[in-house]
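One file, upload28.cif, carrying mmCIF, C-alpha atoms:
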data_target
#
loop_
_atom_site.label_atom_id
_atom_site.label_comp_id
_atom_site.auth_asym_id
_atom_site.auth_seq_id
_atom_site.Cartn_x
_atom_site.Cartn_y
_atom_site.Cartn_z
CA MET Z 225 -68.98 0.01 -167.04
CA ALA Z 226 -69.96 1.95 -170.12
CA VAL Z 227 -67.18 0.34 -172.10
CA HIS Z 228 -68.26 -3.11 -170.89
CA ASP Z 229 -71.90 -2.45 -171.81
CA ILE Z 230 -70.82 -1.28 -175.24
CA SER Z 231 -68.68 -4.37 -175.74
CA VAL Z 232 -71.50 -6.66 -174.67
CA ARG Z 233 -73.89 -4.99 -177.05
CA ALA Z 234 -71.31 -5.17 -179.80
CA SER Z 235 -70.57 -8.80 -179.31
CA GLY Z 236 -74.27 -9.68 -179.44
CA ASP Z 237 -74.15 -11.64 -176.19
CA ARG Z 238 -77.13 -9.80 -174.80
CA ARG Z 239 -80.28 -11.90 -175.46
CA GLU Z 240 -83.76 -10.49 -175.91
CA PRO Z 241 -86.45 -11.96 -173.58
CA ALA Z 242 -88.37 -14.85 -175.21
CA PRO Z 243 -91.89 -13.94 -176.22
CA GLU Z 244 -94.68 -15.56 -174.20
CA ALA Z 245 -96.49 -18.52 -175.83
CA ALA Z 246 -99.76 -17.41 -177.52
CA ALA Z 247 -102.93 -18.83 -175.96
CA PRO Z 248 -104.91 -21.13 -178.28
CA PRO Z 249 -108.01 -19.50 -179.74
CA VAL Z 250 -111.03 -20.47 -177.66
CA ALA Z 251 -113.85 -19.39 -179.97
CA PRO Z 252 -112.98 -21.70 -182.95
CA VAL Z 253 -112.67 -24.71 -180.63
CA ARG Z 254 -116.08 -24.05 -179.10
CA LYS Z 255 -117.61 -23.61 -182.54
CA GLN Z 256 -116.07 -26.89 -183.66
CA ARG Z 257 -117.47 -28.70 -180.62
CA ARG Z 258 -120.90 -27.19 -181.21
CA GLY Z 259 -120.74 -28.33 -184.81
CA LEU Z 260 -119.89 -31.88 -183.74
CA ARG Z 261 -122.73 -31.87 -181.20
CA ALA Z 262 -125.13 -30.68 -183.89
CA LEU Z 263 -124.15 -33.73 -185.97
CA GLU Z 264 -124.78 -36.18 -183.13
CA PRO Z 265 -128.47 -36.72 -184.04
CA LEU Z 266 -127.32 -38.01 -187.42
CA LEU Z 267 -125.74 -40.98 -185.66
CA TRP Z 268 -129.21 -41.94 -184.42
CA LEU Z 269 -131.16 -40.88 -187.48
CA GLY Z 270 -128.62 -42.20 -189.97
CA PRO Z 271 -129.72 -45.88 -189.92
CA ALA Z 272 -133.38 -44.88 -190.22
CA VAL Z 273 -132.61 -42.54 -193.13
CA VAL Z 274 -130.61 -45.24 -194.90
CA LEU Z 275 -133.44 -47.73 -194.34
CA ILE Z 276 -136.01 -45.29 -195.75
CA LEU Z 277 -133.84 -44.57 -198.78
CA ALA Z 278 -133.25 -48.26 -199.43
CA MET Z 279 -136.76 -49.58 -198.74
CA VAL Z 280 -139.01 -46.67 -199.78
CA ILE Z 281 -137.36 -44.00 -201.92
CA TRP Z 282 -135.29 -46.25 -204.16
CA PRO Z 283 -138.19 -48.64 -205.03
CA VAL Z 284 -140.40 -45.64 -205.87
CA VAL Z 285 -137.71 -44.16 -208.12
CA GLU Z 286 -137.16 -47.54 -209.76
CA MET Z 287 -140.92 -47.98 -210.22
CA VAL Z 288 -141.22 -44.63 -211.98
CA ARG Z 289 -138.16 -45.36 -214.12
CA THR Z 290 -139.57 -48.74 -215.16
CA SER Z 291 -142.90 -47.15 -216.08
CA LEU Z 292 -141.01 -44.95 -218.58
CA THR Z 293 -139.01 -47.84 -220.07
CA ARG Z 294 -139.85 -50.25 -222.86
CA ILE Z 295 -139.24 -53.77 -221.50
CA SER Z 296 -139.41 -56.98 -223.53
CA SER Z 297 -141.27 -60.11 -222.47
CA THR Z 298 -137.95 -61.60 -221.35
CA GLY Z 299 -137.23 -58.65 -219.05
CA LEU Z 300 -134.67 -56.82 -221.22
CA SER Z 301 -134.71 -53.03 -221.29
CA LEU Z 302 -135.27 -51.73 -224.82
CA GLY Z 303 -134.78 -48.07 -224.06
CA SER Z 304 -137.04 -45.22 -223.17
CA ALA Z 305 -140.75 -45.57 -223.88
CA GLY Z 306 -141.77 -42.06 -222.90
CA LEU Z 307 -145.43 -42.03 -221.87
CA ASP Z 308 -146.39 -44.98 -224.11
CA ASN Z 309 -146.90 -47.30 -221.12
CA TYR Z 310 -149.33 -44.82 -219.57
CA THR Z 311 -151.11 -44.40 -222.90
CA ASP Z 312 -151.53 -48.17 -223.21
CA LEU Z 313 -152.69 -48.41 -219.60
CA PHE Z 314 -155.42 -45.79 -219.93
CA ALA Z 315 -156.52 -47.43 -223.18
CA GLU Z 316 -157.36 -50.66 -221.32
CA GLU Z 317 -161.10 -51.30 -221.43
CA ASP Z 318 -161.15 -52.88 -217.98
CA LEU Z 319 -159.31 -50.03 -216.21
CA PRO Z 320 -162.37 -47.89 -215.30
CA GLY Z 321 -164.07 -50.87 -213.65
CA VAL Z 322 -160.87 -51.76 -211.80
CA LEU Z 323 -160.52 -48.22 -210.45
CA LEU Z 324 -164.17 -48.09 -209.37
CA ARG Z 325 -163.93 -51.46 -207.59
CA THR Z 326 -160.72 -50.34 -205.89
CA LEU Z 327 -162.48 -47.25 -204.54
CA ILE Z 328 -165.44 -49.34 -203.32
CA TRP Z 329 -163.04 -51.89 -201.86
CA VAL Z 330 -161.02 -49.34 -199.86
CA VAL Z 331 -163.88 -47.14 -198.67
CA GLY Z 332 -166.15 -50.07 -197.83
CA VAL Z 333 -163.59 -52.15 -195.96
CA VAL Z 334 -162.09 -49.22 -194.01
CA ALA Z 335 -165.48 -47.75 -193.07
CA VAL Z 336 -166.94 -51.05 -191.88
CA THR Z 337 -163.73 -51.91 -190.04
CA LEU Z 338 -163.71 -48.60 -188.16
CA LEU Z 339 -167.39 -48.85 -187.20
CA LEU Z 340 -167.09 -52.41 -185.94
CA SER Z 341 -163.82 -51.63 -184.17
CA LEU Z 342 -165.42 -48.74 -182.27
CA GLY Z 343 -168.02 -51.08 -180.78
CA LEU Z 344 -165.55 -53.88 -180.18
CA ALA Z 345 -163.03 -51.58 -178.49
CA GLN Z 346 -165.77 -50.18 -176.28
CA LEU Z 347 -166.73 -53.72 -175.28
CA LEU Z 348 -163.13 -54.70 -174.55
CA ASN Z 349 -162.69 -51.56 -172.46
CA THR Z 350 -165.33 -52.74 -169.97
CA ARG Z 351 -164.75 -55.41 -167.35
CA PHE Z 352 -166.52 -58.74 -167.82
CA PRO Z 353 -165.70 -62.39 -167.09
CA GLY Z 354 -163.21 -63.75 -169.62
CA GLN Z 355 -162.12 -60.33 -170.82
CA ARG Z 356 -158.48 -61.35 -171.11
CA VAL Z 357 -159.37 -64.50 -173.06
CA VAL Z 358 -161.44 -62.47 -175.51
CA ARG Z 359 -158.57 -60.04 -176.03
CA TRP Z 360 -156.15 -62.85 -176.75
CA ALA Z 361 -158.65 -64.52 -179.09
CA LEU Z 362 -159.04 -61.28 -181.03
CA ILE Z 363 -155.34 -61.29 -181.86
CA VAL Z 364 -155.57 -64.61 -183.73
CA PRO Z 365 -156.94 -63.28 -187.07
CA TRP Z 366 -154.31 -60.54 -187.00
CA ALA Z 367 -151.41 -62.82 -186.06
CA ALA Z 368 -152.33 -65.50 -188.60
CA SER Z 369 -151.10 -65.32 -192.17
CA VAL Z 370 -153.42 -63.31 -194.42
CA LEU Z 371 -152.92 -65.84 -197.19
CA MET Z 372 -153.81 -68.72 -194.88
CA THR Z 373 -156.92 -66.90 -193.67
CA ALA Z 374 -158.04 -66.20 -197.24
CA LEU Z 375 -157.50 -69.83 -198.27
CA ILE Z 376 -159.52 -71.06 -195.28
CA TRP Z 377 -162.41 -68.77 -196.26
CA ARG Z 378 -162.13 -69.95 -199.86
CA TRP Z 379 -162.52 -73.52 -198.66
CA MET Z 380 -165.45 -72.55 -196.41
CA LEU Z 381 -167.22 -70.86 -199.35
CA ASN Z 382 -166.68 -73.74 -201.77
CA ASN Z 383 -169.95 -74.74 -203.45
CA PHE Z 384 -169.29 -78.51 -203.20
CA TYR Z 385 -167.81 -79.13 -199.75
CA GLY Z 386 -167.80 -75.71 -198.10
CA VAL Z 387 -169.16 -75.46 -194.57
CA VAL Z 388 -171.00 -72.20 -195.31
CA ASN Z 389 -173.30 -73.82 -197.86
CA ARG Z 390 -173.79 -76.88 -195.64
CA LEU Z 391 -174.69 -74.73 -192.63
CA LEU Z 392 -177.13 -72.53 -194.57
CA MET Z 393 -178.83 -75.56 -196.11
CA ASP Z 394 -179.11 -77.29 -192.74
CA VAL Z 395 -180.92 -74.30 -191.24
CA GLY Z 396 -183.15 -73.98 -194.29
CA LEU Z 397 -181.84 -70.69 -195.69
CA LEU Z 398 -180.64 -72.32 -198.92
CA ASP Z 399 -182.22 -74.98 -201.11
CA LYS Z 400 -179.05 -75.76 -203.06
CA PRO Z 401 -175.37 -74.84 -202.83
CA VAL Z 402 -174.31 -71.42 -204.03
CA ASN Z 403 -171.05 -70.87 -205.90
CA TRP Z 404 -170.19 -67.75 -203.94
CA LEU Z 405 -166.84 -66.92 -205.50
CA ALA Z 406 -167.98 -67.50 -209.10
CA ASP Z 407 -170.49 -64.65 -208.88
CA PRO Z 408 -168.76 -61.23 -209.21
CA VAL Z 409 -171.01 -59.46 -206.69
CA LEU Z 410 -171.09 -62.24 -204.09
CA GLY Z 411 -167.40 -62.96 -204.54
CA PHE Z 412 -166.45 -59.32 -204.13
CA ALA Z 413 -168.64 -59.01 -201.03
CA ALA Z 414 -167.09 -62.16 -199.57
CA MET Z 415 -163.59 -60.79 -200.11
CA MET Z 416 -164.55 -57.52 -198.44
CA ALA Z 417 -165.86 -59.49 -195.45
CA VAL Z 418 -162.56 -61.35 -195.20
CA ALA Z 419 -160.63 -58.06 -195.45
CA VAL Z 420 -162.71 -56.64 -192.59
CA PHE Z 421 -162.14 -59.82 -190.58
CA VAL Z 422 -158.38 -59.48 -191.03
CA SER Z 423 -158.26 -55.71 -190.34
CA LEU Z 424 -160.55 -55.75 -187.31
CA PRO Z 425 -158.10 -56.86 -184.57
CA PHE Z 426 -155.44 -54.25 -185.25
CA THR Z 427 -157.97 -51.44 -185.57
CA ALA Z 428 -159.83 -52.47 -182.43
CA PHE Z 429 -156.64 -52.53 -180.37
CA VAL Z 430 -155.56 -49.11 -181.67
CA ILE Z 431 -158.91 -47.64 -180.65
CA LEU Z 432 -158.80 -49.54 -177.36
CA SER Z 433 -155.44 -47.97 -176.56
CA GLY Z 434 -156.99 -44.58 -177.25
CA LEU Z 435 -159.92 -45.33 -174.95
CA GLN Z 436 -157.60 -46.26 -172.12
CA THR Z 437 -155.82 -42.91 -172.30
CA ILE Z 438 -159.03 -40.93 -171.67
CA PRO Z 439 -159.03 -39.81 -168.02
CA ALA Z 440 -161.98 -40.81 -165.85
CA ASP Z 441 -162.36 -37.21 -164.66
CA VAL Z 442 -163.71 -36.25 -168.08
CA TYR Z 443 -166.57 -38.75 -167.81
CA GLU Z 444 -167.25 -37.67 -164.24
CA ALA Z 445 -167.56 -34.05 -165.37
CA ALA Z 446 -169.91 -35.10 -168.19
CA ARG Z 447 -172.16 -36.97 -165.75
CA MET Z 448 -172.24 -33.99 -163.44
CA ASP Z 449 -173.37 -31.84 -166.36
CA GLY Z 450 -176.25 -34.24 -166.96
CA ALA Z 451 -174.99 -35.79 -170.19
CA GLY Z 452 -176.38 -39.21 -171.02
CA THR Z 453 -174.47 -42.22 -172.32
CA LEU Z 454 -174.97 -41.43 -176.00
CA ARG Z 455 -174.25 -37.72 -175.58
CA THR Z 456 -171.11 -38.50 -173.58
CA TYR Z 457 -169.88 -40.89 -176.25
CA LEU Z 458 -170.51 -38.45 -179.12
CA SER Z 459 -169.30 -35.30 -177.35
CA VAL Z 460 -166.49 -36.67 -175.20
CA THR Z 461 -165.26 -40.08 -176.30
CA LEU Z 462 -165.19 -39.65 -180.08
CA PRO Z 463 -163.39 -36.26 -180.07
CA LEU Z 464 -160.74 -37.64 -177.72
CA LEU Z 465 -160.38 -40.71 -179.94
CA ARG Z 466 -159.53 -38.58 -182.96
CA PRO Z 467 -155.74 -39.30 -182.92
CA SER Z 468 -156.31 -43.06 -182.63
CA LEU Z 469 -158.96 -43.03 -185.34
CA LEU Z 470 -156.65 -41.04 -187.60
CA VAL Z 471 -153.80 -43.52 -187.23
CA ALA Z 472 -156.09 -46.53 -187.65
CA ALA Z 473 -157.76 -45.07 -190.75
CA ILE Z 474 -154.53 -44.15 -192.54
CA ILE Z 475 -152.86 -47.50 -191.87
CA ASN Z 476 -156.00 -49.35 -192.96
CA ILE Z 477 -156.27 -47.31 -196.16
CA ILE Z 478 -152.71 -48.19 -197.12
CA ASN Z 479 -153.06 -51.87 -196.19
CA VAL Z 480 -156.42 -52.37 -197.89
CA PHE Z 481 -155.28 -50.56 -201.03
CA ASN Z 482 -152.38 -53.01 -201.33
CA SER Z 483 -154.28 -56.09 -200.19
CA PHE Z 484 -153.16 -58.60 -202.79
CA PRO Z 485 -153.28 -62.02 -201.03
CA ILE Z 486 -157.00 -61.95 -200.21
CA ILE Z 487 -158.16 -61.18 -203.75
CA TRP Z 488 -155.65 -63.37 -205.55
CA SER Z 489 -156.07 -66.43 -203.37
CA MET Z 490 -159.89 -66.29 -203.35
CA THR Z 491 -160.90 -65.31 -206.91
CA ARG Z 492 -157.69 -64.35 -208.75
CA GLY Z 493 -159.60 -61.27 -209.81
CA GLY Z 494 -162.09 -63.34 -211.77
CA PRO Z 495 -164.21 -64.28 -213.41
CA GLY Z 496 -162.18 -62.36 -215.97
CA PHE Z 497 -161.44 -58.96 -214.42
CA ALA Z 498 -164.76 -58.78 -212.55
CA THR Z 499 -163.24 -58.72 -209.03
CA ASP Z 500 -159.86 -57.16 -209.82
CA THR Z 501 -158.48 -54.19 -207.95
CA THR Z 502 -155.40 -52.22 -208.96
CA THR Z 503 -153.00 -54.61 -207.21
CA THR Z 504 -154.21 -57.79 -208.95
CA PHE Z 505 -154.71 -55.94 -212.22
CA MET Z 506 -151.08 -54.83 -212.32
CA TYR Z 507 -150.02 -58.42 -211.53
CA LYS Z 508 -152.00 -59.70 -214.50
CA LEU Z 509 -150.51 -57.03 -216.74
CA ALA Z 510 -146.99 -58.07 -215.77
CA PHE Z 511 -147.30 -61.87 -215.79
CA ASP Z 512 -150.30 -62.69 -217.98
CA ASN Z 513 -149.91 -59.98 -220.63
CA GLN Z 514 -146.11 -59.71 -220.28
CA ALA Z 515 -146.48 -55.92 -220.16
CA VAL Z 516 -143.98 -55.06 -217.43
CA GLY Z 517 -143.77 -51.37 -218.30
CA GLU Z 518 -147.55 -51.02 -218.34
CA SER Z 519 -147.73 -52.84 -215.02
CA ALA Z 520 -145.19 -50.38 -213.59
CA ALA Z 521 -147.34 -47.53 -214.86
CA MET Z 522 -150.31 -49.10 -213.02
CA ALA Z 523 -148.15 -49.25 -209.88
CA VAL Z 524 -147.37 -45.53 -210.18
CA VAL Z 525 -151.08 -44.75 -210.62
CA ASN Z 526 -151.88 -46.94 -207.60
CA PHE Z 527 -149.25 -45.12 -205.52
CA ALA Z 528 -150.70 -41.76 -206.57
CA LEU Z 529 -154.22 -42.92 -205.69
CA ILE Z 530 -153.09 -43.90 -202.19
CA LEU Z 531 -151.55 -40.46 -201.66
CA VAL Z 532 -154.69 -38.73 -202.96
CA VAL Z 533 -157.02 -40.75 -200.73
CA VAL Z 534 -154.86 -40.25 -197.62
CA LEU Z 535 -154.48 -36.51 -198.26
CA ALA Z 536 -158.22 -36.19 -198.93
CA TYR Z 537 -159.00 -37.97 -195.67
CA LEU Z 538 -156.60 -35.72 -193.75
CA ARG Z 539 -158.14 -32.69 -195.39
CA VAL Z 540 -161.66 -33.75 -194.42
CA VAL Z 541 -160.59 -34.40 -190.83
CA ARG Z 542 -158.85 -31.01 -190.64
CA TRP Z 543 -161.90 -29.30 -192.17
CA ARG Z 544 -164.19 -30.81 -189.57
CA GLU Z 545 -161.79 -29.73 -186.83
CA GLU Z 546 -161.77 -26.16 -188.15
CA ILE Z 547 -165.58 -26.09 -188.15
CA ARG Z 548 -165.62 -27.15 -184.50
#
Show the structure stored in the file as structure tokens.
Amino acid sequence: MAVHDISVRASGDRREPAPEAAAPPVAPVRKQRRGLRALEPLLWLGPAVVLILAMVIWPVVEMVRTSLTRISSTGLSLGSAGLDNYTDLFAEEDLPGVLLRTLIWVVGVVAVTLLLSLGLAQLLNTRFPGQRVVRWALIVPWAASVLMTALIWRWMLNNFYGVVNRLLMDVGLLDKPVNWLADPVLGFAAMMAVAVFVSLPFTAFVILSGLQTIPADVYEAARMDGAGTLRTYLSVTLPLLRPSLLVAAIINIINVFNSFPIIWSMTRGGPGFATDTTTTFMYKLAFDNQAVGESAAMAVVNFALILVVVLAYLRVVRWREEIR
């Protein structure tokens, strides 16, 4: 037996047992799966991010680049202009008046729109005969084209055949027709009224949606504490409407700042530059003066003004909240 064992070992016929197969590492696989799960939100956010980059970020970058470029009247790029376009813009004699009117335009239209919308939303939140019809009718100015609405008001304010002059003369308030849009003050006031008319439906419905989220228990508790109607509105309703008012104010600020159709279709910023805001002024710089780079610089300034106004409004709201 010993000889046989020796011969077997010598001949190499004895085979070593095969090693067991190694188990696959579990930890790296789990980490890989967790990594893939962490990337899943990108599949949902990806289209939105691409849309924002294409529709918001890229135009802003292109706007800033154009404001730093010297562009000919035919649209050809002539190289870098540095800050020359901004220097030419701030040297414009009409720019201070344009900026002041833009501030009056935005603050006036947004403030009046919010005040009227508060009352209108409160009315629509109560039950009365024909409530649904009134709600549907309120959507019409918002659903209609802003340009069409502005043109209709321009026709109504015409000094020859406008219905406003005819109505005021029939009731004895005017002796002769008034050329409303030819006067800078009257024309600017008329455009602000049209801007409020257009902005009112959206703002009223935003505030109305906020009113409908306020629970009835809050009002019941206020009545039990002896609070009157005015005190309840100021101490209960308005604080709870703060999120809706914030959204409505910010959206209105942005829309009114960039409200080009109303001004251009009613007065074209005239007479001269007397009713221009930043949006129509930059249009005139680009197409009337053939100063594309300067117009792009005005667009950058306008964009910065919107950010400043919105941030200032948010700061004021936050400051008031901290005081409370």
Kindly assemble as a tab-separated table a list of the segment 452-535 of chain Z residues that lie within 7 Å of segment 287-306 of chain Z, each paired with its nearest atom pair and their distance in Å to one decimal, using only C-alpha atoms, sorted first by chain and then by ascending residue number.
residue	atom	partner	partner_atom	distance
Z:Gln514	CA	Z:Ser297	CA	5.3
Z:Val516	CA	Z:Ile295	CA	6.4
Z:Gly517	CA	Z:Ser291	CA	4.8
Z:Glu518	CA	Z:Ser291	CA	6.5
Z:Ala520	CA	Z:Ser291	CA	4.7
Z:Ala521	CA	Z:Ser291	CA	4.6
Z:Val524	CA	Z:Val288	CA	6.5
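Nearest-residue note for Asn309 of chain Z: choosing from Z:Leu397, Z:Ala515, Z:Pro271, Z:Met279, the minimum distance belongs to Z:Ala515, counting all atoms listed in the file.
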Z:Ala510, Z:Ala498, Z:Ala335, Z:Leu269 ranked by distance to Leu410 of chain Z, top pick (using all atoms listed in the file):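 Of Z:Ala510, Z:Ala498, Z:Ala335, Z:Leu269, the one nearest Leu410 of chain Z, counting all atoms listed in the file, is Z:Ala498.
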Residues of segment 415-474 of chain Z within 10 Å of segment 350-374 of chain Z: nearest atom pair and distance (Å, one decimal) for each, counting only C-alpha atoms, sorted by chain and number, as CSV?
residue,atom,partner,partner_atom,distance
Z:Met415,CA,Z:Ala374,CA,8.3
Z:Val418,CA,Z:Ala374,CA,6.9
Z:Ala419,CA,Z:Ala374,CA,8.7
Z:Phe421,CA,Z:Pro365,CA,7.2
Z:Val422,CA,Z:Pro365,CA,5.7
Z:Ser423,CA,Z:Trp366,CA,7.1
Z:Leu424,CA,Z:Trp366,CA,7.9
Z:Pro425,CA,Z:Leu362,CA,5.7
Z:Phe426,CA,Z:Trp366,CA,6.6
Z:Thr427,CA,Z:Trp366,CA,9.9
Z:Ala428,CA,Z:Leu362,CA,9.0
Z:Phe429,CA,Z:Arg359,CA,8.9
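The two atoms in question, atom CA of Ile487 of chain Z and atom CA of Leu405 of chain Z, are spaced 10.6 Å apart.
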Closest of Z:Val525, Z:Leu375, Z:Ala536, Z:Asn382 to Phe314 of chain Z - atom-to-atom distances counting all atoms listed in the file: Z:Val525
Interatomic distance (Å, one decimal) between atom CA of Ile486 of chain Z and atom CA of Ala417 of chain Z: 10.4 Å
Within 12 Å of Thr437 of chain Z using all atoms listed in the file, minus same-chain residues under 5 positions, as a PyMOL selection string: chain Z and resi 349+430-432+442+461+464-465+467-468
Two-atom distance - atom CA of Asn389 of chain Z, atom CA of Ile376 of chain Z (Å):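 Taking atom CA of Asn389 of chain Z and atom CA of Ile376 of chain Z, their separation equals 14.3 Å.
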For Thr503 of chain Z, the nearest of the candidates Z:Trp329, Z:Tyr443, Z:Trp268, Z:Tyr385, counting all atoms listed in the file: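 Going through Z:Trp329, Z:Tyr443, Z:Trp268, Z:Tyr385 one by one, the smallest distance to Thr503 of chain Z is for Z:Trp329.
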